[in-house]
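Reviewing the structure listed below.
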Amino acid sequence: MEPIQVKYESLKSSLAQFGRVAVAFSAGVDSALLLKAAHDALGGNAVAVTVRHAAFPGREGDEARAFCGALGVRLIEIELDVFAVDGFAANPPQRCYLCKRAVFERILAVAAQHGFPVVAEGSNLDDAGDYRPGLRALAELGVKSPLRDAGLTKADIRALSKALGLPTWNKPSYACLATRVPYGEAITPEKLAMIETAEQVLLDLGFRQCRVRHHGAVARIEIEAEAFALFMQPDVRAQVNDRLRDCGFLYVTLDLRPYRTGSLNDALRH
């Protein structure tokens, strides 16, 4: 077999050893492959668990339901008030740790109630390369990371997903909406709603990988380098400006550096 196929077989074997597993499912590229592998390995002894909250866009919840329906996997949906998580709204550098711990404590409890003693999530081998305090919460809680354990990179996951016919194989990377607010600036429901609406505007206009960073009255847009030409079309630029101002931003800007993961982490390095 090809090396990537060997990794997938290893992934399924490790999942099979769990006996029963609940997959923390966000409808993203990584968790979609993990859920597919768990379903292949365990059938009805694998379920998906999705946590819906203010920092989780509604479109992702819709995609989670559609994916699980097509795959024939049971989906358990949980509602969580992230603003009740101590420290979340204050948005300290360890915000992701605080939120991730609260989310997975809830997932673990609900999974156990349904008879699933093991919870797995979709971190991959590349995730160790950025500031990700949420990974510490997963380790503390004993949440499994089978993709990382199998040595799968993001490129591996996309290639396997394409080979398996998963619709997520070329889906843009995603992170929760709270990552659009600079550390130390308060997170509010209003800010998250502005960000979600603004990013949907960009998606509707044909931008695939995009972020709208919330800097008070300023929206700082990040898009891929190859999308700059689309953005600079006069009618597109005008629509972006007008519709993001309708979202509540006073100024709409384009970051001259292309989209990159975790750009707000730059402030922690200076």
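If you're wondering about the labels, chains in the structure tokens are A, B, ... by order shown, residues count from 1 in each chain, ligands from 1 in order shown.
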
Show me, as a PyMOL selection string, the residues that have an atom within 10 Å of region 251-254 of chain A when counting only C-alpha atoms, minus same-chain residues fewer than 5 positions from it. chain A and resi 212-213+215-223+228+231+237+240-245

For the selection you just gave me, I'd like the residues written to a file as a PDB file, in the first residue's frame, keeping C-alpha atoms.
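What landed in part_15.pdb:
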```pdb
ATOM      1  CA  VAL A 212     -12.470  39.291   9.250  1.00  0.00           C
ATOM      2  CA  ARG A 213     -10.427  40.449  12.237  1.00  0.00           C
ATOM      3  CA  HIS A 215     -10.287  45.818  15.594  1.00  0.00           C
ATOM      4  CA  GLY A 216     -12.968  47.992  17.154  1.00  0.00           C
ATOM      5  CA  ALA A 217     -14.427  50.148  14.385  1.00  0.00           C
ATOM      6  CA  VAL A 218     -12.036  48.562  11.868  1.00  0.00           C
ATOM      7  CA  ALA A 219     -12.561  45.309   9.969  1.00  0.00           C
ATOM      8  CA  ARG A 220      -9.209  43.875   8.838  1.00  0.00           C
ATOM      9  CA  ILE A 221      -9.807  41.371   6.058  1.00  0.00           C
ATOM     10  CA  GLU A 222      -7.397  38.536   5.342  1.00  0.00           C
ATOM     11  CA  ILE A 223      -7.713  36.619   2.072  1.00  0.00           C
ATOM     12  CA  PHE A 228      -6.499  39.847  -4.281  1.00  0.00           C
ATOM     13  CA  PHE A 231     -11.101  41.837  -4.223  1.00  0.00           C
ATOM     14  CA  ARG A 237     -14.643  46.099  -3.446  1.00  0.00           C
ATOM     15  CA  VAL A 240     -17.439  44.421   0.564  1.00  0.00           C
ATOM     16  CA  ASN A 241     -17.143  47.973   1.863  1.00  0.00           C
ATOM     17  CA  ASP A 242     -20.864  48.690   1.902  1.00  0.00           C
ATOM     18  CA  ARG A 243     -21.976  45.364   3.356  1.00  0.00           C
ATOM     19  CA  LEU A 244     -19.336  45.248   6.087  1.00  0.00           C
ATOM     20  CA  ARG A 245     -20.241  48.781   7.077  1.00  0.00           C
TER      21      ARG A 245
END
```

Members of region 51-217 of chain A assigned alpha helix (DSSP H) by DSSP, as a PyMOL selection string: chain A and resi 58-71+95-113+134-141+146-149+154-163+189-204

Contacts of Val118 (chain A) within 7 Å, only C-alpha atoms, excl. fewer than 3 positions in-chain, as a PDB file with C-alpha atoms, in the first residue's frame:
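New file out-v3.pdb:
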```pdb
ATOM      1  CA  PHE A  18     -11.529   2.030  21.524  1.00  0.00           C
ATOM      2  CA  ARG A  20     -16.967   2.823  21.348  1.00  0.00           C
ATOM      3  CA  VAL A  21     -15.960   6.387  20.561  1.00  0.00           C
ATOM      4  CA  ALA A  22     -17.563   9.820  20.419  1.00  0.00           C
TER       5      ALA A  22
END
```

Enumerate, as a VMD selection string, the complete set of residues in region 34-233 of chain A that a backbone-based DSSP assignment places in strand (DSSP E). chain A and resid 46 to 52 75 to 79 118 to 120 210 to 215 218 to 223

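Take the candidates A:Ser26, A:Arg52, A:Leu192, A:Gly19 and check each one against His39 (chain A) using only C-alpha atoms; the shortest distance goes to A:Gly19.
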
When distances are computed from only C-alpha atoms, which of A:Ala112, A:Ala193, A:Leu160, A:Leu203 shows the smallest separation from Glu2 (chain A)? A:Leu160

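Reported to one decimal place, the separation of CA of Ala111 (chain A) from CA of Tyr8 (chain A) is 24.7 Å.
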
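The neighbours of region 122-134 of chain A here are the residues that come within 7 Å of it, using only C-alpha atoms and leaving out any residue fewer than 6 positions away in the same chain; they are Asp30, Ser31, Leu34, Gln94, Cys96, Tyr97, Lys100, Ser145, Leu147, Arg148, Gly151, Leu152, Thr153 and Lys154 of chain A.
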
Just N, CA and C atoms for this one: save the residues we selected as a short mmCIF file (atom, residue, chain, number, x, y, z; two decimals), in the first residue's frame.
```
data_model
loop_
_atom_site.label_atom_id
_atom_site.label_comp_id
_atom_site.auth_asym_id
_atom_site.auth_seq_id
_atom_site.Cartn_x
_atom_site.Cartn_y
_atom_site.Cartn_z
N ASP A 30 -10.51 18.08 9.25
CA ASP A 30 -9.89 17.07 10.11
C ASP A 30 -10.91 16.18 10.80
N SER A 31 -11.88 16.80 11.44
CA SER A 31 -12.85 15.99 12.18
C SER A 31 -13.74 15.18 11.25
N LEU A 34 -11.75 12.07 10.54
CA LEU A 34 -11.74 11.26 11.76
C LEU A 34 -13.08 10.55 11.94
N GLN A 94 -4.70 32.85 27.11
CA GLN A 94 -5.08 31.45 27.34
C GLN A 94 -6.57 31.20 27.14
N CYS A 96 -8.25 30.20 24.59
CA CYS A 96 -8.55 28.95 23.91
C CYS A 96 -8.48 27.78 24.89
N TYR A 97 -7.56 27.84 25.83
CA TYR A 97 -7.47 26.78 26.85
C TYR A 97 -8.74 26.75 27.69
N LYS A 100 -11.70 25.60 25.40
CA LYS A 100 -11.56 24.20 24.99
C LYS A 100 -11.82 23.26 26.16
N SER A 145 -6.37 12.02 20.32
CA SER A 145 -6.10 12.71 19.05
C SER A 145 -5.56 11.71 18.04
N LEU A 147 -5.65 11.32 14.78
CA LEU A 147 -5.01 11.77 13.54
C LEU A 147 -3.54 12.10 13.80
N ARG A 148 -3.30 12.80 14.89
CA ARG A 148 -1.93 13.16 15.25
C ARG A 148 -1.13 11.91 15.60
N GLY A 151 0.24 10.12 12.74
CA GLY A 151 1.23 10.84 11.95
C GLY A 151 0.67 11.52 10.73
N LEU A 152 -0.63 11.85 10.76
CA LEU A 152 -1.26 12.47 9.60
C LEU A 152 -1.11 13.99 9.62
N THR A 153 -0.60 14.53 8.52
CA THR A 153 -0.50 15.97 8.35
C THR A 153 -1.78 16.49 7.69
N LYS A 154 -1.90 17.81 7.60
CA LYS A 154 -3.06 18.39 6.93
C LYS A 154 -3.13 17.95 5.47
#
```

Closest-contact table, region 136-194 of chain A side, partner region 68-75 of chain A, 12 Å, counting only C-alpha atoms, as a tab-separated table:
```
residue	atom	partner	partner_atom	distance
A:Leu164	CA	A:Leu71	CA	11.8
A:Gly165	CA	A:Leu71	CA	11.2
A:Leu166	CA	A:Leu71	CA	9.5
A:Pro167	CA	A:Ala70	CA	10.4
```

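Between CA of Val236 (chain A) and CA of Leu202 (chain A) the separation is 9.6 Å.
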
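Minimum atom-to-atom distances from A:Leu108, A:Met232, A:Leu80, A:Ala198 to Asp246 (chain A) were compared using only C-alpha atoms, and the lowest value belongs to A:Ala198.
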
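Reported to one decimal place, the separation of CA of Glu79 (chain A) from CA of Ala54 (chain A) is 9.5 Å.
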
Here is a test: counting only C-alpha atoms, which residue of A:Leu33, A:Leu250, A:Val6, A:Ala55 is nearest to Thr188 (chain A)? A:Ala55

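Each of A:Leu141, A:Leu177, A:Ala16, A:Val29 was checked against Asp156 (chain A) using only C-alpha atoms; the smallest atom-to-atom distance is that of A:Val29.
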
Judged by only C-alpha atoms, the minimum distance to Ile195 (chain A) among A:Ala90, A:Cys247, A:Ala175, A:Ile76 is found for A:Cys247

Leu98 (chain A) environment, 8 Å, only C-alpha atoms, sequence neighbours closer than 4 positions dropped, as a VMD selection string: chain A and resid 85 to 88 94 102 134 137
